[in-house]
Each structure stands twice: as structure tokens, then as C-alpha cells.
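> The file below is run.cif, mmCIF, C-alpha atoms:
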```
data_protein
loop_
_atom_site.label_atom_id
_atom_site.label_comp_id
_atom_site.auth_asym_id
_atom_site.auth_seq_id
_atom_site.Cartn_x
_atom_site.Cartn_y
_atom_site.Cartn_z
CA MET F 1 -6.10 67.25 -29.11
CA THR F 2 -9.01 66.11 -27.02
CA ASP F 3 -8.74 64.60 -23.57
CA THR F 4 -9.44 60.89 -23.91
CA ALA F 5 -7.90 59.72 -20.64
CA PRO F 6 -7.98 57.18 -19.18
CA PHE F 7 -8.96 55.27 -22.28
CA ALA F 8 -6.51 53.51 -24.54
CA ASP F 9 -5.76 54.76 -28.03
CA PRO F 10 -7.48 52.45 -30.52
CA ASP F 11 -4.66 53.07 -32.99
CA GLY F 12 -2.29 51.57 -30.44
CA LEU F 13 -4.04 48.20 -30.60
CA THR F 14 -3.77 45.47 -33.17
CA ARG F 15 -6.96 44.87 -35.11
CA GLY F 16 -7.36 41.58 -33.26
CA ASP F 17 -7.06 43.25 -29.87
CA LEU F 18 -9.39 46.04 -30.94
CA GLU F 19 -12.05 43.62 -32.12
CA THR F 20 -11.80 40.72 -29.69
CA GLY F 21 -9.71 41.93 -26.78
CA THR F 22 -10.61 43.28 -23.37
CA VAL F 23 -9.00 46.73 -23.61
CA PHE F 24 -11.63 49.43 -23.93
CA ALA F 25 -10.29 51.90 -26.49
CA PRO F 26 -13.23 53.99 -27.71
CA ARG F 27 -12.55 55.64 -31.04
CA PHE F 28 -13.48 59.30 -30.66
CA ASP F 29 -14.00 61.38 -33.79
CA ALA F 30 -12.18 64.61 -34.60
CA ASP F 31 -14.42 66.41 -32.10
CA GLY F 32 -13.62 63.91 -29.37
CA LEU F 33 -17.05 62.28 -29.57
CA ILE F 34 -18.41 58.77 -30.03
CA PRO F 35 -22.06 57.99 -30.85
CA ALA F 36 -24.10 56.18 -28.21
CA VAL F 37 -27.44 54.47 -28.74
CA ALA F 38 -29.72 54.29 -25.71
CA THR F 39 -32.40 51.59 -25.63
CA ASP F 40 -35.05 50.79 -23.07
CA ALA F 41 -33.62 47.87 -21.09
CA ASP F 42 -37.06 46.28 -20.81
CA SER F 43 -38.83 46.93 -24.13
CA GLY F 44 -35.71 47.13 -26.29
CA GLU F 45 -37.06 50.28 -27.95
CA VAL F 46 -34.43 52.68 -29.25
CA LEU F 47 -34.86 55.84 -27.20
CA MET F 48 -32.23 58.20 -28.57
CA LEU F 49 -28.90 58.56 -30.26
CA ALA F 50 -26.49 60.95 -28.62
CA TYR F 51 -22.76 61.52 -28.30
CA MET F 52 -20.31 60.98 -25.47
CA ASN F 53 -16.87 62.40 -24.90
CA ALA F 54 -14.33 60.76 -22.60
CA GLU F 55 -15.62 62.68 -19.58
CA ALA F 56 -19.19 61.54 -20.31
CA ILE F 57 -18.06 57.91 -20.45
CA ARG F 58 -16.05 58.30 -17.25
CA ARG F 59 -19.00 59.78 -15.37
CA THR F 60 -21.42 57.22 -16.78
CA LEU F 61 -19.20 54.36 -15.59
CA ALA F 62 -18.62 56.00 -12.21
CA THR F 63 -22.24 56.87 -11.45
CA GLY F 64 -24.29 54.33 -13.41
CA GLU F 65 -26.28 57.24 -14.85
CA ALA F 66 -25.98 58.16 -18.52
CA HIS F 67 -23.96 61.26 -19.29
CA TYR F 68 -23.61 62.62 -22.80
CA TYR F 69 -22.00 65.58 -24.49
CA SER F 70 -24.45 68.10 -25.85
CA ARG F 71 -23.21 69.29 -29.23
CA SER F 72 -25.69 72.16 -29.29
CA ARG F 73 -24.75 73.39 -25.82
CA GLN F 74 -21.14 72.22 -26.11
CA ALA F 75 -21.21 70.93 -22.57
CA LEU F 76 -21.34 67.75 -20.55
CA TRP F 77 -24.95 66.65 -20.24
CA HIS F 78 -26.20 64.63 -17.30
CA LYS F 79 -29.38 63.38 -18.92
CA GLY F 80 -32.35 64.02 -16.65
CA ALA F 81 -30.58 66.34 -14.24
CA THR F 82 -33.28 68.94 -14.79
CA SER F 83 -36.13 66.88 -16.34
CA GLY F 84 -35.90 63.97 -13.93
CA GLN F 85 -35.53 61.59 -16.89
CA VAL F 86 -32.30 60.17 -15.48
CA GLN F 87 -31.14 57.09 -17.38
CA HIS F 88 -30.00 54.30 -15.09
CA VAL F 89 -27.56 52.19 -17.07
CA VAL F 90 -28.25 48.46 -16.90
CA GLU F 91 -25.56 47.53 -19.39
CA MET F 92 -23.14 49.32 -21.67
CA ARG F 93 -21.62 47.69 -24.75
CA SER F 94 -19.02 48.54 -27.36
CA ASP F 95 -19.16 47.47 -30.99
CA CYS F 96 -16.54 45.50 -32.90
CA ASP F 97 -14.29 48.36 -33.96
CA GLN F 98 -15.06 50.41 -30.84
CA ASP F 99 -16.49 53.43 -32.61
CA ALA F 100 -20.02 53.14 -31.22
CA LEU F 101 -21.61 52.44 -27.84
CA TRP F 102 -24.93 50.93 -26.79
CA LEU F 103 -26.51 51.73 -23.43
CA LYS F 104 -29.44 49.73 -22.09
CA VAL F 105 -31.19 52.07 -19.67
CA ARG F 106 -34.19 52.50 -17.41
CA ALA F 107 -35.52 56.04 -17.42
CA GLY F 108 -36.47 57.78 -14.21
CA GLY F 109 -38.97 60.58 -13.73
CA ASP F 110 -41.93 60.25 -16.08
CA GLY F 111 -40.08 57.55 -18.01
CA GLY F 112 -39.62 59.75 -21.05
CA CYS F 113 -36.59 60.60 -23.08
CA CYS F 114 -37.46 63.10 -25.76
CA HIS F 115 -37.81 66.85 -25.26
CA VAL F 116 -40.80 66.83 -27.60
CA GLY F 117 -42.70 64.72 -25.10
CA TYR F 118 -42.48 61.22 -26.46
CA ARG F 119 -41.08 58.18 -24.72
CA SER F 120 -38.59 57.73 -27.56
CA CYS F 121 -37.11 60.34 -29.88
CA PHE F 122 -37.92 58.00 -32.79
CA TYR F 123 -41.66 58.68 -32.92
CA ARG F 124 -42.04 59.03 -36.69
CA ARG F 125 -41.85 56.43 -39.42
CA VAL F 126 -40.17 57.13 -42.72
CA THR F 127 -42.54 55.94 -45.42
CA PRO F 128 -41.32 54.23 -48.60
CA ALA F 129 -42.28 57.44 -50.43
CA GLY F 130 -39.84 59.40 -48.27
CA ALA F 131 -42.28 61.24 -46.01
CA LEU F 132 -42.72 61.04 -42.25
CA ALA F 133 -45.81 59.35 -40.90
CA ALA F 134 -47.83 60.48 -37.93
CA PRO F 135 -46.36 59.71 -34.52
CA ASN F 136 -46.74 56.11 -33.47
CA VAL F 137 -45.02 56.21 -30.10
CA PRO F 138 -46.83 56.97 -26.85
CA TYR F 139 -46.97 60.63 -25.96
CA LEU F 140 -46.37 60.75 -22.25
CA ALA F 141 -49.18 63.14 -21.45
CA THR F 142 -51.69 60.62 -22.82
CA ASP F 143 -49.74 57.44 -22.08
CA MET W 1 -21.62 70.50 -51.14
CA THR W 2 -23.02 67.01 -50.90
CA ASP W 3 -25.91 65.69 -52.93
CA THR W 4 -28.87 65.43 -50.61
CA ALA W 5 -31.64 65.28 -53.22
CA PRO W 6 -34.51 64.64 -53.10
CA PHE W 7 -34.62 65.36 -49.39
CA ALA W 8 -35.62 68.68 -47.91
CA ASP W 9 -33.10 70.93 -46.19
CA PRO W 10 -33.72 70.76 -42.42
CA ASP W 11 -32.61 74.36 -42.10
CA GLY W 12 -35.48 75.31 -44.37
CA LEU W 13 -38.05 74.02 -41.88
CA THR W 14 -39.34 75.62 -38.72
CA ARG W 15 -38.42 73.80 -35.55
CA GLY W 16 -42.05 72.74 -35.22
CA ASP W 17 -42.15 71.30 -38.71
CA LEU W 18 -38.80 69.62 -38.21
CA GLU W 19 -39.89 67.98 -34.98
CA THR W 20 -43.55 67.18 -35.53
CA GLY W 21 -44.17 67.57 -39.25
CA THR W 22 -44.34 65.08 -42.09
CA VAL W 23 -41.51 66.41 -44.25
CA PHE W 24 -38.51 64.12 -44.15
CA ALA W 25 -35.45 66.38 -43.98
CA PRO W 26 -32.53 64.27 -42.76
CA ARG W 27 -29.74 66.38 -41.33
CA PHE W 28 -26.52 65.18 -42.96
CA ASP W 29 -23.22 66.11 -41.35
CA ALA W 30 -20.36 67.92 -43.08
CA ASP W 31 -19.47 64.66 -44.84
CA GLY W 32 -23.03 64.19 -46.09
CA LEU W 33 -23.72 61.37 -43.62
CA ILE W 34 -26.34 60.59 -40.99
CA PRO W 35 -25.97 57.83 -38.38
CA ALA W 36 -28.35 54.88 -38.61
CA VAL W 37 -28.99 52.28 -35.92
CA ALA W 38 -30.07 48.84 -37.11
CA THR W 39 -31.95 46.60 -34.71
CA ASP W 40 -33.29 43.09 -35.10
CA ALA W 41 -36.99 43.56 -35.84
CA ASP W 42 -37.87 40.51 -33.77
CA SER W 43 -35.50 40.50 -30.78
CA GLY W 44 -34.95 44.24 -30.60
CA GLU W 45 -31.21 43.70 -30.25
CA VAL W 46 -29.03 46.49 -31.58
CA LEU W 47 -27.10 44.96 -34.47
CA MET W 48 -24.90 47.79 -35.71
CA LEU W 49 -24.46 51.51 -36.07
CA ALA W 50 -23.54 52.72 -39.52
CA TYR W 51 -23.88 55.80 -41.69
CA MET W 52 -26.07 56.63 -44.66
CA ASN W 53 -25.72 59.28 -47.30
CA ALA W 54 -28.65 60.51 -49.39
CA GLU W 55 -28.06 57.84 -52.02
CA ALA W 56 -28.07 55.10 -49.36
CA ILE W 57 -31.40 56.37 -48.01
CA ARG W 58 -32.86 56.58 -51.50
CA ARG W 59 -31.84 53.03 -52.34
CA THR W 60 -33.01 51.70 -48.98
CA LEU W 61 -36.45 53.22 -49.49
CA ALA W 62 -36.62 52.03 -53.10
CA THR W 63 -35.52 48.45 -52.47
CA GLY W 64 -36.50 47.73 -48.88
CA GLU W 65 -32.94 46.53 -48.28
CA ALA W 66 -30.55 48.48 -46.08
CA HIS W 67 -27.88 50.45 -47.88
CA TYR W 68 -25.21 52.36 -46.02
CA TYR W 69 -22.16 54.42 -46.86
CA SER W 70 -18.88 52.78 -45.95
CA ARG W 71 -16.59 55.42 -44.49
CA SER W 72 -13.56 53.13 -44.73
CA ARG W 73 -14.20 52.22 -48.36
CA GLN W 74 -15.78 55.60 -49.20
CA ALA W 75 -18.45 53.90 -51.23
CA LEU W 76 -22.11 53.01 -51.18
CA TRP W 77 -22.55 49.75 -49.29
CA HIS W 78 -25.38 47.35 -50.01
CA LYS W 79 -25.17 45.40 -46.76
CA GLY W 80 -25.05 41.68 -47.48
CA ALA W 81 -24.42 41.95 -51.20
CA THR W 82 -21.39 39.71 -50.82
CA SER W 83 -21.99 38.05 -47.42
CA GLY W 84 -25.65 37.28 -47.96
CA GLN W 85 -26.49 39.14 -44.73
CA VAL W 86 -28.95 41.38 -46.54
CA GLN W 87 -31.04 43.47 -44.14
CA HIS W 88 -34.71 43.52 -45.07
CA VAL W 89 -36.13 46.73 -43.63
CA VAL W 90 -39.34 46.24 -41.67
CA GLU W 91 -39.55 49.84 -40.53
CA MET W 92 -37.43 52.96 -40.73
CA ARG W 93 -37.79 55.84 -38.29
CA SER W 94 -36.39 59.33 -37.86
CA ASP W 95 -35.69 61.00 -34.55
CA CYS W 96 -37.06 64.31 -33.31
CA ASP W 97 -34.50 66.64 -34.88
CA GLN W 98 -33.94 64.35 -37.87
CA ASP W 99 -30.25 63.79 -37.33
CA ALA W 100 -30.44 60.04 -36.68
CA LEU W 101 -32.26 57.07 -38.21
CA TRP W 102 -33.43 53.74 -36.82
CA LEU W 103 -33.92 50.70 -39.05
CA LYS W 104 -35.72 47.60 -37.81
CA VAL W 105 -34.41 44.78 -39.98
CA ARG W 106 -34.48 41.06 -40.58
CA ALA W 107 -31.13 39.70 -41.69
CA GLY W 108 -30.85 37.24 -44.52
CA GLY W 109 -28.13 34.67 -45.12
CA ASP W 110 -26.83 33.22 -41.88
CA GLY W 111 -28.68 35.91 -39.92
CA GLY W 112 -25.50 37.63 -38.86
CA CYS W 113 -24.41 41.22 -39.08
CA CYS W 114 -20.85 41.61 -37.87
CA HIS W 115 -17.74 40.84 -39.88
CA VAL W 116 -16.14 39.35 -36.76
CA GLY W 117 -18.76 36.60 -36.80
CA TYR W 118 -21.26 37.63 -34.19
CA ARG W 119 -24.95 38.18 -34.70
CA SER W 120 -24.56 41.76 -33.42
CA CYS W 121 -21.53 44.03 -33.57
CA PHE W 122 -22.14 44.85 -29.90
CA TYR W 123 -20.79 41.59 -28.46
CA ARG W 124 -18.74 43.02 -25.61
CA ARG W 125 -19.85 44.65 -22.37
CA VAL W 126 -18.08 47.67 -20.95
CA THR W 127 -17.47 46.93 -17.29
CA PRO W 128 -17.80 49.62 -14.61
CA ALA W 129 -14.01 49.49 -14.30
CA GLY W 130 -13.70 50.47 -17.95
CA ALA W 131 -12.63 47.16 -19.46
CA LEU W 132 -14.38 44.99 -22.03
CA ALA W 133 -15.88 41.72 -20.90
CA ALA W 134 -15.79 38.48 -22.85
CA PRO W 135 -18.25 38.20 -25.71
CA ASN W 136 -21.80 37.54 -24.58
CA VAL W 137 -23.56 37.42 -27.94
CA PRO W 138 -23.99 34.23 -29.98
CA TYR W 139 -21.15 33.48 -32.34
CA LEU W 140 -22.79 32.23 -35.48
CA ALA W 141 -20.49 29.26 -36.02
CA THR W 142 -21.64 27.80 -32.69
CA ASP W 143 -25.12 29.30 -32.58
#
```
Since I need it in another form, could you write the structure as C-alpha cells?

Amino acid sequence: MTDTAPFADPDGLTRGDLETGTVFAPRFDADGLIPAVATDADSGEVLMLAYMNAEAIRRTLATGEAHYYSRSRQALWHKGATSGQVQHVVEMRSDCDQDALWLKVRAGGDGGCCHVGYRSCFYRRVTPAGALAAPNVPYLATD
Amino acid sequence: MTDTAPFADPDGLTRGDLETGTVFAPRFDADGLIPAVATDADSGEVLMLAYMNAEAIRRTLATGEAHYYSRSRQALWHKGATSGQVQHVVEMRSDCDQDALWLKVRAGGDGGCCHVGYRSCFYRRVTPAGALAAPNVPYLATD
């Protein structure tokens, strides 16, 4: 049993309330996580996809800075706490069935997001042949 | 064991190759799925977050139309096959560690995406107090 307080249980809502109501009842998976897409609030570019637990959502709402849950480190992750790439949340949205979140953010520090050095983690295209194409997103060092 | 052919095994790549190489090796989860974010290729708006299995990726690459895997129906899902809201893929990207995909799409039919009737599934804001705010995305019937 994961700690999902203070959020409502989505299974306690009618489908109508879940989809068109005002009660925020994020549907966490078996690991207590919900996927969150972060986009650049100005360019609209998708920056990253990460996961939040209830504590990450609570801290994000309380501070206005994006918090995630690092699955590799198994710990709360205040994005940018060490890199300076703090994500200031301009708007947060839920999807229809409340099993995904969307954060529009402005990145602090050098404006980057990805540990590899790109502005967005999505710096490679998948070609129709099923290969990855050379990076096509600004690398910060040469931006 | 899920069928992930013809894609490479991400655990068979070095971290360098995984992050900056040209081999597409999507990291499927224990259920054989990888999350995929679909955005409107023109407005940049996030439309939906769904999941793809290897077959969905194969068919998406082969047809140029987004295919997903429906977790609720446990079946391949050719988005728009019945609704007409076919998603024509303008570009597909992978993220740094290849455990998430981003599809830039143009929607056919009435241009919608969400079964509730909105253009995007993300039609409600999460307020700082942790509630959902009234829809702020065009409802297609009144668009």
C-alpha cells in the first residue's frame, strides 16, 4: 500500500466525476507512480517524461517547482536541485482518466533538462526504418 | 517474455550507445509496453499519453499512423480506426535512455483525440490547492 494522501481514490469516483469533475484523484500504478510529461511552457517542446509519486505531486504543488520520483535512485527527486535546472511550473494538467499529468515548465540554470546535455531528452528521431537519427535538438554547450 | 522483435535489447547496448547511438532499442516494461506522448504537430499541445508495444511501434513505423496498445482492452489499438481521429505521424522521437517516445501528429476526422470530446485529453488544470479546474480546452462540439 503506497501513501497517496491527500489525494482521492480514483476508484471511489464515478466515471463522470473522474472524467469531468473537479476532484483530483491521480491514478497511481502498482508502484505508486503516475507518468508526467514536462514541456517547455514557451516553445511547447516535450522536455522529458518522468514519474511522480504522491509526495512529488504534493511538493510540486506546494513549491511550484517540479518534483519527481527517481525510479533508478528510488527517491524523491527535486529536479535541478544539484544541476540548477529547476523546473518552474507554469501550469499542471491532468488527463481525462487521471492516469497521466502534464507540466508546462520554465527551466532554470542553463535552461537544459537532459543529463546527456541536450535541452530536451528527446533529441533523436526514430526513422521509418526503425533506426535513430542524429541529434536534432540544440546541445547546450553549442547552443 | 514479450515479443520485442525486431528491436534491439537496450540491455545489450553500452550506456553510450543507448544514449547517443543510432540503434533503436526501446525499453519495454514488464508488460512489454513503453509510454508514448502524442502532441499536435502544429500547436505543440499535448494530446494524450498512451502505451505502445513492439507491434504498435512496428505498425506505426510501417503505416505512418499511430498505433498503441490499449491496456483496458488488452489489444492493439489503431487510434481513429472507428472514430476517424487517425493520427498521422509527422515525427517520432526517442528519449535519452529509450524508455519513452514522443509522436508529433496531425489528427484526422474531427481533429479530436479524447473520448470525452475534447481536442486534448489534458483539458483540466490542477490548481495549487490540489483540485481540478473547469475545462480550458476546446470542446469539439462547440469549437
> Work out how far CA of Arg124 in chain W is from CA of Cys96 in chain W, in Å to one decimal.
29.1 Å
> Return chain W as a PDB file with C-alpha atoms, keeping the file's coordinate frame, after superposing it on chain F by a least-squares fit that covers all C-alpha atoms paired in order.

```
ATOM      1  CA  MET W   1      -6.110  67.230 -29.156  1.00  0.00           C
ATOM      2  CA  THR W   2      -9.014  66.075 -27.051  1.00  0.00           C
ATOM      3  CA  ASP W   3      -8.731  64.583 -23.600  1.00  0.00           C
ATOM      4  CA  THR W   4      -9.430  60.893 -23.925  1.00  0.00           C
ATOM      5  CA  ALA W   5      -7.887  59.720 -20.646  1.00  0.00           C
ATOM      6  CA  PRO W   6      -7.963  57.181 -19.160  1.00  0.00           C
ATOM      7  CA  PHE W   7      -8.952  55.273 -22.270  1.00  0.00           C
ATOM      8  CA  ALA W   8      -6.508  53.510 -24.536  1.00  0.00           C
ATOM      9  CA  ASP W   9      -5.769  54.777 -28.032  1.00  0.00           C
ATOM     10  CA  PRO W  10      -7.469  52.440 -30.536  1.00  0.00           C
ATOM     11  CA  ASP W  11      -4.662  53.067 -32.990  1.00  0.00           C
ATOM     12  CA  GLY W  12      -2.286  51.585 -30.450  1.00  0.00           C
ATOM     13  CA  LEU W  13      -4.037  48.211 -30.585  1.00  0.00           C
ATOM     14  CA  THR W  14      -3.790  45.483 -33.175  1.00  0.00           C
ATOM     15  CA  ARG W  15      -6.961  44.872 -35.119  1.00  0.00           C
ATOM     16  CA  GLY W  16      -7.355  41.589 -33.255  1.00  0.00           C
ATOM     17  CA  ASP W  17      -7.055  43.247 -29.875  1.00  0.00           C
ATOM     18  CA  LEU W  18      -9.378  46.035 -30.936  1.00  0.00           C
ATOM     19  CA  GLU W  19     -12.041  43.623 -32.120  1.00  0.00           C
ATOM     20  CA  THR W  20     -11.813  40.720 -29.700  1.00  0.00           C
ATOM     21  CA  GLY W  21      -9.708  41.934 -26.789  1.00  0.00           C
ATOM     22  CA  THR W  22     -10.604  43.276 -23.370  1.00  0.00           C
ATOM     23  CA  VAL W  23      -9.013  46.719 -23.620  1.00  0.00           C
ATOM     24  CA  PHE W  24     -11.628  49.424 -23.931  1.00  0.00           C
ATOM     25  CA  ALA W  25     -10.296  51.904 -26.495  1.00  0.00           C
ATOM     26  CA  PRO W  26     -13.234  53.993 -27.706  1.00  0.00           C
ATOM     27  CA  ARG W  27     -12.539  55.643 -31.035  1.00  0.00           C
ATOM     28  CA  PHE W  28     -13.475  59.309 -30.651  1.00  0.00           C
ATOM     29  CA  ASP W  29     -13.991  61.382 -33.779  1.00  0.00           C
ATOM     30  CA  ALA W  30     -12.175  64.620 -34.598  1.00  0.00           C
ATOM     31  CA  ASP W  31     -14.422  66.416 -32.100  1.00  0.00           C
ATOM     32  CA  GLY W  32     -13.613  63.918 -29.350  1.00  0.00           C
ATOM     33  CA  LEU W  33     -17.049  62.284 -29.571  1.00  0.00           C
ATOM     34  CA  ILE W  34     -18.405  58.771 -30.034  1.00  0.00           C
ATOM     35  CA  PRO W  35     -22.050  57.996 -30.860  1.00  0.00           C
ATOM     36  CA  ALA W  36     -24.089  56.177 -28.222  1.00  0.00           C
ATOM     37  CA  VAL W  37     -27.439  54.470 -28.738  1.00  0.00           C
ATOM     38  CA  ALA W  38     -29.726  54.276 -25.714  1.00  0.00           C
ATOM     39  CA  THR W  39     -32.400  51.601 -25.632  1.00  0.00           C
ATOM     40  CA  ASP W  40     -35.054  50.801 -23.067  1.00  0.00           C
ATOM     41  CA  ALA W  41     -33.620  47.885 -21.091  1.00  0.00           C
ATOM     42  CA  ASP W  42     -37.046  46.288 -20.815  1.00  0.00           C
ATOM     43  CA  SER W  43     -38.822  46.937 -24.129  1.00  0.00           C
ATOM     44  CA  GLY W  44     -35.725  47.132 -26.295  1.00  0.00           C
ATOM     45  CA  GLU W  45     -37.055  50.273 -27.959  1.00  0.00           C
ATOM     46  CA  VAL W  46     -34.429  52.670 -29.248  1.00  0.00           C
ATOM     47  CA  LEU W  47     -34.854  55.826 -27.180  1.00  0.00           C
ATOM     48  CA  MET W  48     -32.237  58.195 -28.565  1.00  0.00           C
ATOM     49  CA  LEU W  49     -28.898  58.554 -30.263  1.00  0.00           C
ATOM     50  CA  ALA W  50     -26.483  60.945 -28.631  1.00  0.00           C
ATOM     51  CA  TYR W  51     -22.758  61.519 -28.305  1.00  0.00           C
ATOM     52  CA  MET W  52     -20.305  60.975 -25.478  1.00  0.00           C
ATOM     53  CA  ASN W  53     -16.879  62.402 -24.895  1.00  0.00           C
ATOM     54  CA  ALA W  54     -14.326  60.766 -22.599  1.00  0.00           C
ATOM     55  CA  GLU W  55     -15.614  62.684 -19.590  1.00  0.00           C
ATOM     56  CA  ALA W  56     -19.192  61.550 -20.295  1.00  0.00           C
ATOM     57  CA  ILE W  57     -18.051  57.918 -20.451  1.00  0.00           C
ATOM     58  CA  ARG W  58     -16.049  58.295 -17.256  1.00  0.00           C
ATOM     59  CA  ARG W  59     -18.982  59.781 -15.375  1.00  0.00           C
ATOM     60  CA  THR W  60     -21.415  57.220 -16.771  1.00  0.00           C
ATOM     61  CA  LEU W  61     -19.211  54.367 -15.586  1.00  0.00           C
ATOM     62  CA  ALA W  62     -18.626  56.008 -12.204  1.00  0.00           C
ATOM     63  CA  THR W  63     -22.250  56.863 -11.459  1.00  0.00           C
ATOM     64  CA  GLY W  64     -24.286  54.326 -13.405  1.00  0.00           C
ATOM     65  CA  GLU W  65     -26.272  57.224 -14.864  1.00  0.00           C
ATOM     66  CA  ALA W  66     -25.984  58.163 -18.524  1.00  0.00           C
ATOM     67  CA  HIS W  67     -23.961  61.259 -19.281  1.00  0.00           C
ATOM     68  CA  TYR W  68     -23.609  62.608 -22.788  1.00  0.00           C
ATOM     69  CA  TYR W  69     -22.004  65.573 -24.485  1.00  0.00           C
ATOM     70  CA  SER W  70     -24.460  68.101 -25.845  1.00  0.00           C
ATOM     71  CA  ARG W  71     -23.220  69.269 -29.228  1.00  0.00           C
ATOM     72  CA  SER W  72     -25.691  72.163 -29.295  1.00  0.00           C
ATOM     73  CA  ARG W  73     -24.763  73.386 -25.823  1.00  0.00           C
ATOM     74  CA  GLN W  74     -21.131  72.221 -26.100  1.00  0.00           C
ATOM     75  CA  ALA W  75     -21.222  70.942 -22.565  1.00  0.00           C
ATOM     76  CA  LEU W  76     -21.338  67.758 -20.556  1.00  0.00           C
ATOM     77  CA  TRP W  77     -24.951  66.643 -20.238  1.00  0.00           C
ATOM     78  CA  HIS W  78     -26.206  64.635 -17.292  1.00  0.00           C
ATOM     79  CA  LYS W  79     -29.393  63.370 -18.920  1.00  0.00           C
ATOM     80  CA  GLY W  80     -32.360  64.019 -16.650  1.00  0.00           C
ATOM     81  CA  ALA W  81     -30.595  66.335 -14.236  1.00  0.00           C
ATOM     82  CA  THR W  82     -33.296  68.930 -14.797  1.00  0.00           C
ATOM     83  CA  SER W  83     -36.144  66.867 -16.318  1.00  0.00           C
ATOM     84  CA  GLY W  84     -35.893  63.958 -13.919  1.00  0.00           C
ATOM     85  CA  GLN W  85     -35.533  61.578 -16.886  1.00  0.00           C
ATOM     86  CA  VAL W  86     -32.307  60.166 -15.493  1.00  0.00           C
ATOM     87  CA  GLN W  87     -31.143  57.075 -17.386  1.00  0.00           C
ATOM     88  CA  HIS W  88     -30.000  54.299 -15.078  1.00  0.00           C
ATOM     89  CA  VAL W  89     -27.555  52.194 -17.075  1.00  0.00           C
ATOM     90  CA  VAL W  90     -28.250  48.469 -16.906  1.00  0.00           C
ATOM     91  CA  GLU W  91     -25.558  47.547 -19.397  1.00  0.00           C
ATOM     92  CA  MET W  92     -23.131  49.334 -21.675  1.00  0.00           C
ATOM     93  CA  ARG W  93     -21.617  47.697 -24.742  1.00  0.00           C
ATOM     94  CA  SER W  94     -19.009  48.532 -27.355  1.00  0.00           C
ATOM     95  CA  ASP W  95     -19.141  47.473 -30.974  1.00  0.00           C
ATOM     96  CA  CYS W  96     -16.529  45.502 -32.889  1.00  0.00           C
ATOM     97  CA  ASP W  97     -14.272  48.372 -33.944  1.00  0.00           C
ATOM     98  CA  GLN W  98     -15.062  50.415 -30.830  1.00  0.00           C
ATOM     99  CA  ASP W  99     -16.485  53.422 -32.607  1.00  0.00           C
ATOM    100  CA  ALA W 100     -20.025  53.146 -31.225  1.00  0.00           C
ATOM    101  CA  LEU W 101     -21.611  52.441 -27.840  1.00  0.00           C
ATOM    102  CA  TRP W 102     -24.927  50.929 -26.786  1.00  0.00           C
ATOM    103  CA  LEU W 103     -26.515  51.729 -23.425  1.00  0.00           C
ATOM    104  CA  LYS W 104     -29.444  49.724 -22.088  1.00  0.00           C
ATOM    105  CA  VAL W 105     -31.203  52.061 -19.675  1.00  0.00           C
ATOM    106  CA  ARG W 106     -34.186  52.486 -17.412  1.00  0.00           C
ATOM    107  CA  ALA W 107     -35.517  56.027 -17.405  1.00  0.00           C
ATOM    108  CA  GLY W 108     -36.474  57.757 -14.206  1.00  0.00           C
ATOM    109  CA  GLY W 109     -38.973  60.566 -13.729  1.00  0.00           C
ATOM    110  CA  ASP W 110     -41.922  60.234 -16.071  1.00  0.00           C
ATOM    111  CA  GLY W 111     -40.083  57.531 -18.023  1.00  0.00           C
ATOM    112  CA  GLY W 112     -39.640  59.720 -21.057  1.00  0.00           C
ATOM    113  CA  CYS W 113     -36.599  60.588 -23.088  1.00  0.00           C
ATOM    114  CA  CYS W 114     -37.461  63.110 -25.769  1.00  0.00           C
ATOM    115  CA  HIS W 115     -37.830  66.839 -25.254  1.00  0.00           C
ATOM    116  CA  VAL W 116     -40.817  66.830 -27.618  1.00  0.00           C
ATOM    117  CA  GLY W 117     -42.720  64.699 -25.114  1.00  0.00           C
ATOM    118  CA  TYR W 118     -42.502  61.205 -26.479  1.00  0.00           C
ATOM    119  CA  ARG W 119     -41.102  58.184 -24.720  1.00  0.00           C
ATOM    120  CA  SER W 120     -38.602  57.722 -27.574  1.00  0.00           C
ATOM    121  CA  CYS W 121     -37.113  60.328 -29.886  1.00  0.00           C
ATOM    122  CA  PHE W 122     -37.903  57.995 -32.792  1.00  0.00           C
ATOM    123  CA  TYR W 123     -41.653  58.665 -32.926  1.00  0.00           C
ATOM    124  CA  ARG W 124     -42.044  59.023 -36.679  1.00  0.00           C
ATOM    125  CA  ARG W 125     -41.840  56.413 -39.424  1.00  0.00           C
ATOM    126  CA  VAL W 126     -40.152  57.124 -42.728  1.00  0.00           C
ATOM    127  CA  THR W 127     -42.534  55.949 -45.422  1.00  0.00           C
ATOM    128  CA  PRO W 128     -41.299  54.234 -48.594  1.00  0.00           C
ATOM    129  CA  ALA W 129     -42.261  57.415 -50.446  1.00  0.00           C
ATOM    130  CA  GLY W 130     -39.845  59.379 -48.282  1.00  0.00           C
ATOM    131  CA  ALA W 131     -42.281  61.217 -46.029  1.00  0.00           C
ATOM    132  CA  LEU W 132     -42.718  61.028 -42.268  1.00  0.00           C
ATOM    133  CA  ALA W 133     -45.804  59.348 -40.899  1.00  0.00           C
ATOM    134  CA  ALA W 134     -47.800  60.533 -37.912  1.00  0.00           C
ATOM    135  CA  PRO W 135     -46.319  59.758 -34.519  1.00  0.00           C
ATOM    136  CA  ASN W 136     -46.731  56.141 -33.488  1.00  0.00           C
ATOM    137  CA  VAL W 137     -45.020  56.211 -30.102  1.00  0.00           C
ATOM    138  CA  PRO W 138     -46.834  56.981 -26.840  1.00  0.00           C
ATOM    139  CA  TYR W 139     -46.981  60.639 -25.949  1.00  0.00           C
ATOM    140  CA  LEU W 140     -46.380  60.769 -22.243  1.00  0.00           C
ATOM    141  CA  ALA W 141     -49.177  63.203 -21.434  1.00  0.00           C
ATOM    142  CA  THR W 142     -51.715  60.681 -22.754  1.00  0.00           C
ATOM    143  CA  ASP W 143     -49.795  57.497 -22.012  1.00  0.00           C
TER     144      ASP W 143
END
```
> Nearest residue to chain W out of F:Ala38, F:Ala66, F:Val23, F:Ile57, using all atoms listed in the file?
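Using all atoms listed in the file, the shortest distance to chain W belongs to F:Val23.
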> Give me, as a PyMOL selection string, the residues of chain W touching chain F, with the criterion being at most 9 Å (counting only C-alpha atoms).
chain W and resi 6-7+19-25+35+37+39+43-46+48-49+57-58+60-62+64+91-97+99-102+114-116+120-135
> Using CA of Gly84 in chain W and CA of Asp110 in chain W as the two end points, give the distance in Å to one decimal.
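Computing the Euclidean distance for CA of Gly84 in chain W and CA of Asp110 in chain W yields 7.4 Å.
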> Give me the result of the PyMOL selection byres ((chain W and resi 68-79) around 8) on this file, residue by residue, as a VMD selection string.
chain W and resid 33 50 to 53 55 to 57 65 to 67 80 to 82 85 to 87
> What is the distance between CA of Thr14 in chain F and CA of Ser83 in chain W, in Å to one decimal?
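Computing the Euclidean distance for CA of Thr14 in chain F and CA of Ser83 in chain W yields 24.3 Å.
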